[in-house]
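Following: one structure in structure tokens, then a few remarks.
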Amino acid sequence: MLAFILRRIFQSVIVMLTVALVSFALFRYVGDPVTSMVGQETSLEDRAALRDALGLNDPFFMQFARFLGNAVQGDFGISYRLQEPVMGLILSRLPATLELALISGALAFVFGVGFGVYTALRRRGIISNAIMTLSLIGVSLPTFLIGVLLIWIFAVELQILPSFGRGEVMELPGGWSTGLLTPSGRASLILPAITLGLYQMTLIMRLVRAEMLEVLRADYIRFARARGLSDRAVHFGHALKNTLVPVITITGLQLGSIIAFAIITETVFQWPGVGALFINSVRVVDVPVMAAYLMLIALVFVIINLIVDLLYYAVDPRLRVDRGAGAST
Amino acid sequence: MKNTLSFKRLMASATALALLAGAASADTLRWARVADALTLDPHSQNEGPTSTLLHHIYETLVARNTDGSLAPRLATEWSIHPDDPTVWVFKLREGVTFHDGSPFTAEDVVFSMERVKHPSSGFQALHSAAVSATAVDDHTVHIQMTGPSPLYVQNLTNFFIMDSGWAAANDVVVPQNFAAGEENFAVRNSNGTGAYQLVSREPEVRTVLAAYEGHWADTPDVTEIIYTPIAEAATRVAALLSGEVDLVQDVPVQDIARLEQTDGITITTGPENRNIFFAYDMASDKLISANVEDNPFAKPQVREAMALALDRDAIQQVVMRGQSQPSAAPLPPFVNGWREDLDAYSAPDYERAAALIAEAGYPDGFSVTLNCPNDRYLNDEAICQAVVGMLGRIGMEVNLVSQTRSLHFPLIENWETDFYLLGWGVPPFDSAYVFNFLVHTREEGFGSFNGSRYSNPELDTKIESLATMTDLVARDALIAEIWDQVMADRVFLNVHNQVLAYAMRDGVTVPVHPENQPNMANVTLN
């Protein structure tokens with residue numbers, strides 16, 4: 001187990017380094033940060049001097065080495081645009097993104113599994129068909145359109161939910177801010193969470209449904225019924241439990257995507273998270289923020305993958321047996 | 001009995017709450033625009049939204065009226081020194097205090113002048129003609145210039161005055177330096193003389209300002225400002241329609257007509273200080289992207305043909321949905337040197353234009369690449385697409401390359417484009433500014449945005465002499481002369497002047513400001 005974790009951590013470090021290298025190589029094609037940093041009156045000489053001072057004229061590998069050296073010490077520099085330390089900027093935005101991602105991930109999981117089981121068990125019901133049809137909307141409509149649509153219905157027409165922002169937030173000790181403790185914070189969370197989670201929910205729902213249908217045809221389910229077990233025990237104790245391994249993998253990986261792709265939702269709802277910070281930084285080629293953000297997302301994916309691998313151990317006893325057998329030979 | 005009591009109390013507190021909310025909303029203005037201020041440091045970033053917000057917290061010596069003229073602010077009078085044309089004299093307002101209570105004196109102006117001229121200041125270039133400021137007495141300041149600078153006062157509308165004592169106490173005597181990798185106290189804290197003081201600020205989320213009771217002017221209608229950036233255009237408009245904000249400063253062009261029809265919403269429009277134009281390499285022997293061996297843009301017939309092919313009215317009606325002022329010269333109407341005939345343009349004549357192209361030696365036309373930004377100006381990419389079609393009708397096969405601003409502008413800076421779109425504002429409200437950056441030969445201190453490689457030594461001498469001419473009548477005559485030459489040479493293919501639109505709920509009145517810097521202290525509520 002320990003060896004397994006160590007190996008995974010070693011692999012993770014390589015993944016992180018690769019991400020850093022690739023993203024750094026890409027920054028060279030995003031444009032010239034100095035264009036957005038100075039006013040139109042600035043002379044060509046002053047522009048060149050600023051570029052020099054920022055080290056933008058140094059060879060690629062020198063810039064990369066300098067970035068890595070500082071990053072290892074937790075120093076990602078100062079944002080070109082907002083003039084604040086990047087680490088502080090990202091940490092102050094992270095709670096907003098994580099809160100949104102976790103809530104919408106939880107919503108997606110609960111409703112996805114619930115609807116999935118329901119549509120698998122009542123395959124021909126009217127409600128099942130309605131859910132299946134509606135889920136097509138979730139997969140086929142782009143996120144920003146869903147967001148704008150929800151804003152239009154619930155904020156502009158019905159005027160019951162806010163169209164933008166995070167509402168009032170409470171500062172908790174440890175630098176964490178949360179919108180969950182205030183009514184306006186909770187109201188502000190609803191539309192973005194639905195927008196962000198809808199795609200994941202339909203994905204999980206369709207996966208659970210397909211897996212359930214598969215498992216329900218298996219022999220051991222028939223035997224379980226033959227043993228006279230209640231429907232409840234058969235459906236949830238046996239069938240659902242056996243469908244969960246792929247579902248957990250997908251949910252875990254999707255959580256990474258939710259955090260990474262919160263960019264669009266955050267932009268539409270002016271949600272003050274790291275995704276919106278990233279987009280605003282790309283617009284003006286704020287290299288320090290872009291680099292730190294991409295490293296952060298890579299780290300999130302790496303950690304989630306690690307957790308998912310460990311969860312397999314918990315859910316599927318066969319993996320433990322295999323490992324044990326492998327080690328003894 | 002007990003129930004009634006608690007019900008009464010509930011009603012009472014509900015009424016109180018309603019009153020409180022009513023009182024708060026009566027003079028609170030919720031203001032949304034596309035981007036947040038980048039910093040609160042008043043001398044760091046010369047950038048629109050930053051200066052706009054800072055005008056509420058800090059004040060300048062002179063202010064810009066909505067008609068483009070200057071108004072007294074921290075200075076009550078200003079003039080060129082009667083004995084020395086290289087010295088500007090400013091009489092300062094008395095009885096002004098900073099938000100922390102310390103008095104405003106000439107020392108603060110002297111200090112702010114030093115700070116704004118520091119190499120890490122974004123406004124440095126606007127003050128390159130100023131040597132230093134000296135305090136003659138507590139309320140008189142002399143600014144020594146390198147030479148006669150009759151229009152320098154026009155550069156002071158974004159020169160914010162900082163408290164020298166506060167700056168020293170907080171170690172912010174110089175603006176934030178990007179390269180040094182340090183964070184400056186003034187980025188997030190402020191102490192100005194402005195009509196509003198900072199209550200709270202979360203960058204890119206919300207900035208709350210409250211009226212400063214010790215301000216020298218009358219208490220404004222708006223006593224609290226809640227400023228929220230909303231980047232997404234659709235969300236910004238939705239927030240106004242749903243009543244979550246009172247004022248939207250950056251209204252998307254396509255929504256203006258619809259918002260005008262919406263009950264409870266008022267739109268005000270006015271000319272912006274920004275022209276959109278095309279320019280082309282007029283000087284090189286051969287173009288980078290053309291399929292011909294010479295430079296078509298160097299030939300007057302080709303430039304004339306392009307002017308004849310540009311259908312400005314069609315762009316105004318179709319691309320800009322009526323929200324632009326078509327014109328022939330890159331000069332907003334309120335800028336010194338503007339004349340009605342500079343804006344006149346002829347109707348498109350495609351036959352004549354095609355004939356001119358053939359006459360110039362391209363019977364089969366030619367192809368060239370047009371570089372265009374796609375995230376800088378209103379509908380910039382769509383304007384370029386329209387022009388590609390128009391030029392196609394006269395035999396010019398234009399390949400459009402549109403990309404983000406940070407890739408587009410270096411092309412102009414490095415002379416890597418043959419044909420490009422550019423927008424230009426004139427912050428000092430004088431034609432000399434246009435000439436210095438766009439017309440003068442590119443050399444030290446001049447022509448940094450002269451991507452057309454245009455070079456006319458005779459004109460350069462005239463442009464340089466504008467800076468020190470004190471006889472304003474002769475100066476205006478010289479400006480007119482320079483414009484005549486620039487228009488005759490067709491240095492610019494100007495499309496239009498941009499129009500600003502602010503949308504607000506009924507009852508709020510915000511006039512459009514030519515620098516797009518509305519001040520909420522001047523807003524009326526009813």
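The way I read the labels, and the way they are meant: chains A, B, ... in the order of the structure tokens, residue 1 as the first residue of every chain, and ligand 1 as the first ligand shown, with later ones counted on from there.
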With a distance threshold of 9 Å and counting only C-alpha atoms, extract the residues of chain B near chain A and express them as a ChimeraX atom specification.
/B:37-39,45-47,122-126,176-184,187,203-205,228-236,238-244,375,404-410,413,424,437,444-449
Residues at most 7 Å from segment 296-311 of chain A, counting only C-alpha atoms, excluding those fewer than 4 positions away in the same chain, as a PyMOL selection string?
chain A and resi 12+16+19+249+252-253+256+260+292+315
Preceding selection exported with C-alpha atoms as an mmCIF file, in the first residue's frame:
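Okay, part-v6.cif is ready:
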```
data_model
loop_
_atom_site.group_PDB
_atom_site.id
_atom_site.type_symbol
_atom_site.label_atom_id
_atom_site.label_comp_id
_atom_site.auth_asym_id
_atom_site.auth_seq_id
_atom_site.Cartn_x
_atom_site.Cartn_y
_atom_site.Cartn_z
ATOM 1 C CA SER A 12 2.422 12.859 -9.922
ATOM 2 C CA MET A 16 3.238 18.350 -12.622
ATOM 3 C CA VAL A 19 2.260 20.489 -17.152
ATOM 4 C CA THR A 249 -14.142 6.865 -10.887
ATOM 5 C CA GLY A 252 -13.967 11.719 -8.957
ATOM 6 C CA LEU A 253 -12.517 12.646 -12.287
ATOM 7 C CA GLY A 256 -11.553 17.679 -11.228
ATOM 8 C CA ALA A 260 -11.192 23.173 -13.958
ATOM 9 C CA ALA A 292 0.109 29.258 -10.934
ATOM 10 C CA VAL A 315 -15.006 -0.334 -2.458
#
```
Could you list, as number ranges by chain, every residue within 10 Å of Ala480 of chain B, counting only C-alpha atoms and ignoring same-chain residues fewer than 2 positions away?
B: 337-339, 342, 431, 474-478, 482-486
Please save C-alpha atoms of the selected residues as a PDB file, in the first residue's frame.
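Below you can see again22.pdb, which holds the result:
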```pdb
ATOM      1  CA  GLY B 337      -8.194  71.151 -33.859  1.00  0.00           C
ATOM      2  CA  TRP B 338     -11.393  69.407 -34.909  1.00  0.00           C
ATOM      3  CA  ARG B 339     -13.226  71.041 -37.825  1.00  0.00           C
ATOM      4  CA  LEU B 342     -12.425  66.871 -41.240  1.00  0.00           C
ATOM      5  CA  SER B 431      -4.530  67.368 -31.976  1.00  0.00           C
ATOM      6  CA  ALA B 474      -1.061  80.735 -34.473  1.00  0.00           C
ATOM      7  CA  ARG B 475      -0.877  77.280 -32.960  1.00  0.00           C
ATOM      8  CA  ASP B 476      -4.428  76.419 -34.054  1.00  0.00           C
ATOM      9  CA  ALA B 477      -3.612  77.644 -37.542  1.00  0.00           C
ATOM     10  CA  LEU B 478      -0.576  75.350 -37.639  1.00  0.00           C
ATOM     11  CA  ILE B 482      -0.909  69.799 -40.455  1.00  0.00           C
ATOM     12  CA  TRP B 483      -4.373  68.220 -40.674  1.00  0.00           C
ATOM     13  CA  ASP B 484      -4.728  69.417 -44.268  1.00  0.00           C
ATOM     14  CA  GLN B 485      -1.492  67.658 -45.195  1.00  0.00           C
ATOM     15  CA  VAL B 486      -2.402  64.476 -43.263  1.00  0.00           C
TER      16      VAL B 486
END
```
Shell around segment 115-118 of chain A at 12 Å using only C-alpha atoms, local window under 4 positions removed, as an NGL selection string:
:A and (107-111 or 122-132 or 134-135 or 201-213 or 215-216 or 232 or 235-236 or 239-241 or 243-244 or 247)
Pull C-alpha atoms from the residues just selected and write them as an mmCIF file, in the first residue's frame.
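Okay, result_38.cif is ready:
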```
data_model
loop_
_atom_site.group_PDB
_atom_site.id
_atom_site.type_symbol
_atom_site.label_atom_id
_atom_site.label_comp_id
_atom_site.auth_asym_id
_atom_site.auth_seq_id
_atom_site.Cartn_x
_atom_site.Cartn_y
_atom_site.Cartn_z
ATOM 1 C CA LEU A 107 -25.895 17.753 -6.402
ATOM 2 C CA ALA A 108 -24.790 15.952 -9.537
ATOM 3 C CA PHE A 109 -23.928 12.792 -7.613
ATOM 4 C CA VAL A 110 -27.089 12.654 -5.500
ATOM 5 C CA PHE A 111 -29.492 13.452 -8.311
ATOM 6 C CA ARG A 122 -38.871 1.924 -13.967
ATOM 7 C CA ARG A 123 -37.629 1.759 -17.468
ATOM 8 C CA ARG A 124 -40.939 2.299 -19.214
ATOM 9 C CA GLY A 125 -42.529 4.827 -16.835
ATOM 10 C CA ILE A 126 -43.641 8.231 -18.069
ATOM 11 C CA ILE A 127 -41.487 9.977 -15.464
ATOM 12 C CA SER A 128 -38.460 7.934 -16.526
ATOM 13 C CA ASN A 129 -38.932 8.941 -20.125
ATOM 14 C CA ALA A 130 -39.372 12.544 -19.121
ATOM 15 C CA ILE A 131 -36.160 12.440 -17.104
ATOM 16 C CA MET A 132 -34.280 10.781 -19.962
ATOM 17 C CA LEU A 134 -34.663 16.276 -20.159
ATOM 18 C CA SER A 135 -31.225 14.832 -19.545
ATOM 19 C CA MET A 201 -25.538 14.933 -13.382
ATOM 20 C CA THR A 202 -26.783 13.646 -16.710
ATOM 21 C CA LEU A 203 -23.503 11.847 -17.232
ATOM 22 C CA ILE A 204 -23.692 10.101 -13.856
ATOM 23 C CA MET A 205 -27.361 9.355 -14.345
ATOM 24 C CA ARG A 206 -26.838 7.692 -17.709
ATOM 25 C CA LEU A 207 -23.879 5.760 -16.387
ATOM 26 C CA VAL A 208 -25.726 4.501 -13.306
ATOM 27 C CA ARG A 209 -28.705 3.554 -15.442
ATOM 28 C CA ALA A 210 -26.638 1.602 -17.928
ATOM 29 C CA GLU A 211 -24.638 -0.150 -15.218
ATOM 30 C CA MET A 212 -27.751 -0.969 -13.218
ATOM 31 C CA LEU A 213 -29.480 -2.487 -16.239
ATOM 32 C CA VAL A 215 -26.110 -5.752 -13.238
ATOM 33 C CA LEU A 216 -29.839 -6.444 -12.864
ATOM 34 C CA ARG A 232 -34.984 -2.967 -1.509
ATOM 35 C CA HIS A 235 -31.703 -3.121 -5.673
ATOM 36 C CA PHE A 236 -29.645 -1.182 -3.199
ATOM 37 C CA ALA A 239 -27.248 -4.073 -7.646
ATOM 38 C CA LEU A 240 -26.374 -0.471 -6.790
ATOM 39 C CA LYS A 241 -23.300 -1.394 -4.794
ATOM 40 C CA THR A 243 -22.451 -0.407 -10.125
ATOM 41 C CA LEU A 244 -20.592 2.057 -7.957
ATOM 42 C CA VAL A 247 -19.435 5.654 -10.995
#
```
Using the chain letters and numbers from this document, which residues of segment 78-253 of chain B does DSSP assign to alpha helix (DSSP H), as a ChimeraX atom specification?
/B:106-116,164-169,233-241,253
Export of prior selection with N, CA and C atoms as a short mmCIF file (atom, residue, chain, number, x, y, z; two decimals), in the first residue's frame:
```cif
data_model
loop_
_atom_site.label_atom_id
_atom_site.label_comp_id
_atom_site.auth_asym_id
_atom_site.auth_seq_id
_atom_site.Cartn_x
_atom_site.Cartn_y
_atom_site.Cartn_z
N ALA B 106 0.18 72.61 -0.38
CA ALA B 106 1.02 72.58 -1.58
C ALA B 106 2.06 71.46 -1.52
N GLU B 107 2.48 71.11 -0.28
CA GLU B 107 3.47 70.02 -0.13
C GLU B 107 2.97 68.73 -0.76
N ASP B 108 1.65 68.47 -0.64
CA ASP B 108 1.09 67.23 -1.18
C ASP B 108 1.16 67.21 -2.70
N VAL B 109 1.00 68.38 -3.31
CA VAL B 109 1.09 68.46 -4.77
C VAL B 109 2.53 68.23 -5.21
N VAL B 110 3.46 68.83 -4.46
CA VAL B 110 4.88 68.65 -4.78
C VAL B 110 5.25 67.18 -4.69
N PHE B 111 4.81 66.56 -3.59
CA PHE B 111 5.10 65.14 -3.40
C PHE B 111 4.47 64.29 -4.52
N SER B 112 3.19 64.56 -4.84
CA SER B 112 2.50 63.76 -5.85
C SER B 112 3.18 63.90 -7.22
N MET B 113 3.70 65.10 -7.49
CA MET B 113 4.39 65.31 -8.76
C MET B 113 5.66 64.44 -8.83
N GLU B 114 6.37 64.37 -7.71
CA GLU B 114 7.57 63.51 -7.68
C GLU B 114 7.18 62.06 -7.89
N ARG B 115 6.09 61.67 -7.22
CA ARG B 115 5.69 60.27 -7.27
C ARG B 115 5.21 59.88 -8.67
N VAL B 116 4.46 60.78 -9.32
CA VAL B 116 3.90 60.44 -10.63
C VAL B 116 5.00 60.41 -11.69
N SER B 164 1.21 63.47 1.39
CA SER B 164 2.64 63.14 1.54
C SER B 164 2.92 62.48 2.89
N GLY B 165 2.24 62.93 3.95
CA GLY B 165 2.48 62.36 5.27
C GLY B 165 2.03 60.90 5.34
N TRP B 166 0.86 60.63 4.79
CA TRP B 166 0.33 59.26 4.79
C TRP B 166 1.23 58.33 3.98
N ALA B 167 1.71 58.85 2.85
CA ALA B 167 2.57 58.03 1.99
C ALA B 167 3.87 57.69 2.71
N ALA B 168 4.44 58.67 3.42
CA ALA B 168 5.69 58.41 4.14
C ALA B 168 5.45 57.42 5.27
N ALA B 169 4.34 57.61 6.01
CA ALA B 169 4.06 56.74 7.15
C ALA B 169 3.84 55.30 6.72
N ALA B 233 -21.32 40.24 -20.75
CA ALA B 233 -22.25 41.27 -21.20
C ALA B 233 -23.70 40.91 -20.87
N ALA B 234 -24.10 39.66 -21.14
CA ALA B 234 -25.49 39.26 -20.93
C ALA B 234 -25.86 39.35 -19.46
N THR B 235 -24.94 38.96 -18.59
CA THR B 235 -25.21 39.00 -17.15
C THR B 235 -25.33 40.44 -16.66
N ARG B 236 -24.49 41.30 -17.24
CA ARG B 236 -24.49 42.70 -16.83
C ARG B 236 -25.87 43.33 -17.12
N VAL B 237 -26.36 43.05 -18.32
CA VAL B 237 -27.66 43.58 -18.70
C VAL B 237 -28.76 42.94 -17.86
N ALA B 238 -28.64 41.63 -17.61
CA ALA B 238 -29.64 40.94 -16.80
C ALA B 238 -29.70 41.52 -15.39
N ALA B 239 -28.55 41.88 -14.84
CA ALA B 239 -28.51 42.43 -13.49
C ALA B 239 -29.25 43.76 -13.42
N LEU B 240 -29.17 44.52 -14.51
CA LEU B 240 -29.90 45.80 -14.55
C LEU B 240 -31.41 45.54 -14.68
N LEU B 241 -31.76 44.60 -15.56
CA LEU B 241 -33.17 44.30 -15.79
C LEU B 241 -33.81 43.72 -14.53
N VAL B 253 -23.41 46.96 -27.51
CA VAL B 253 -24.07 47.69 -28.60
C VAL B 253 -25.39 47.04 -29.01
#
```
Using only C-alpha atoms, which protein or nucleic acid residues come within 10 Å of His139 of chain B? Drop anything in the same chain fewer than 3 positions from it, and give the result as a VMD selection string.
chain B and resid 75 90 to 94 104 to 107 109 135 to 136
Distance query Ala129 of chain B at most 12 Å, only C-alpha atoms, self and fewer than 2 positions along chain excluded, as a ChimeraX atom specification
/B:86-88,113,117,124-127,131-133,143-153,155,445,467-468
Could you turn the residues from that selection into a file that holds C-alpha atoms, as a CSV table (one decimal), in the first residue's frame?
```csv
chain,number,residue,atom,x,y,z
B,86,THR,CA,8.0,77.8,-18.7
B,87,VAL,CA,6.2,77.9,-15.3
B,88,TRP,CA,2.6,77.0,-14.5
B,113,MET,CA,4.4,65.3,-8.8
B,117,LYS,CA,7.2,61.1,-12.4
B,124,GLN,CA,5.1,59.2,-16.2
B,125,ALA,CA,4.8,59.9,-19.9
B,126,LEU,CA,2.1,62.5,-19.4
B,127,HIS,CA,4.4,64.5,-17.2
B,131,VAL,CA,10.7,69.2,-14.4
B,132,SER,CA,9.4,69.6,-10.8
B,133,ALA,CA,6.8,71.3,-8.6
B,143,ILE,CA,5.4,73.7,-11.9
B,144,GLN,CA,8.6,74.2,-13.8
B,145,MET,CA,8.5,72.9,-17.4
B,146,THR,CA,11.3,72.0,-19.7
B,147,GLY,CA,10.0,74.7,-22.1
B,148,PRO,CA,6.8,76.6,-22.8
B,149,SER,CA,4.0,74.1,-22.4
B,150,PRO,CA,0.8,75.9,-23.0
B,151,LEU,CA,-1.4,72.8,-22.9
B,152,TYR,CA,0.2,70.9,-20.0
B,153,VAL,CA,-2.8,71.6,-17.8
B,155,ASN,CA,-2.6,66.4,-18.9
B,445,GLY,CA,9.8,59.9,-28.1
B,467,ALA,CA,4.6,71.7,-28.1
B,468,THR,CA,6.1,75.0,-27.2
```
All strand (DSSP E) positions in segment 141-202 of chain A, as a ChimeraX atom specification
/A:170-172,176-178
Measure the distance from atom CA of Leu149 of chain A to atom CA of Leu196 of chain A in Å and round it to one decimal.
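Here the two named atoms are 13.1 Å from each other.
Across A:Leu198, A:Val289, A:Ala49, A:Leu294, the tightest approach to Thr265 of chain A is made by A:Leu198 when counting only C-alpha atoms.
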Let me make sure I understand: among A:Ala262, A:Tyr312, A:Gln200, A:Ala291, which one has the smallest atom-to-atom distance to Ser23 of chain A if we use only C-alpha atoms?
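When distances to Ser23 of chain A are compared using only C-alpha atoms, the smallest one comes from A:Ala291.
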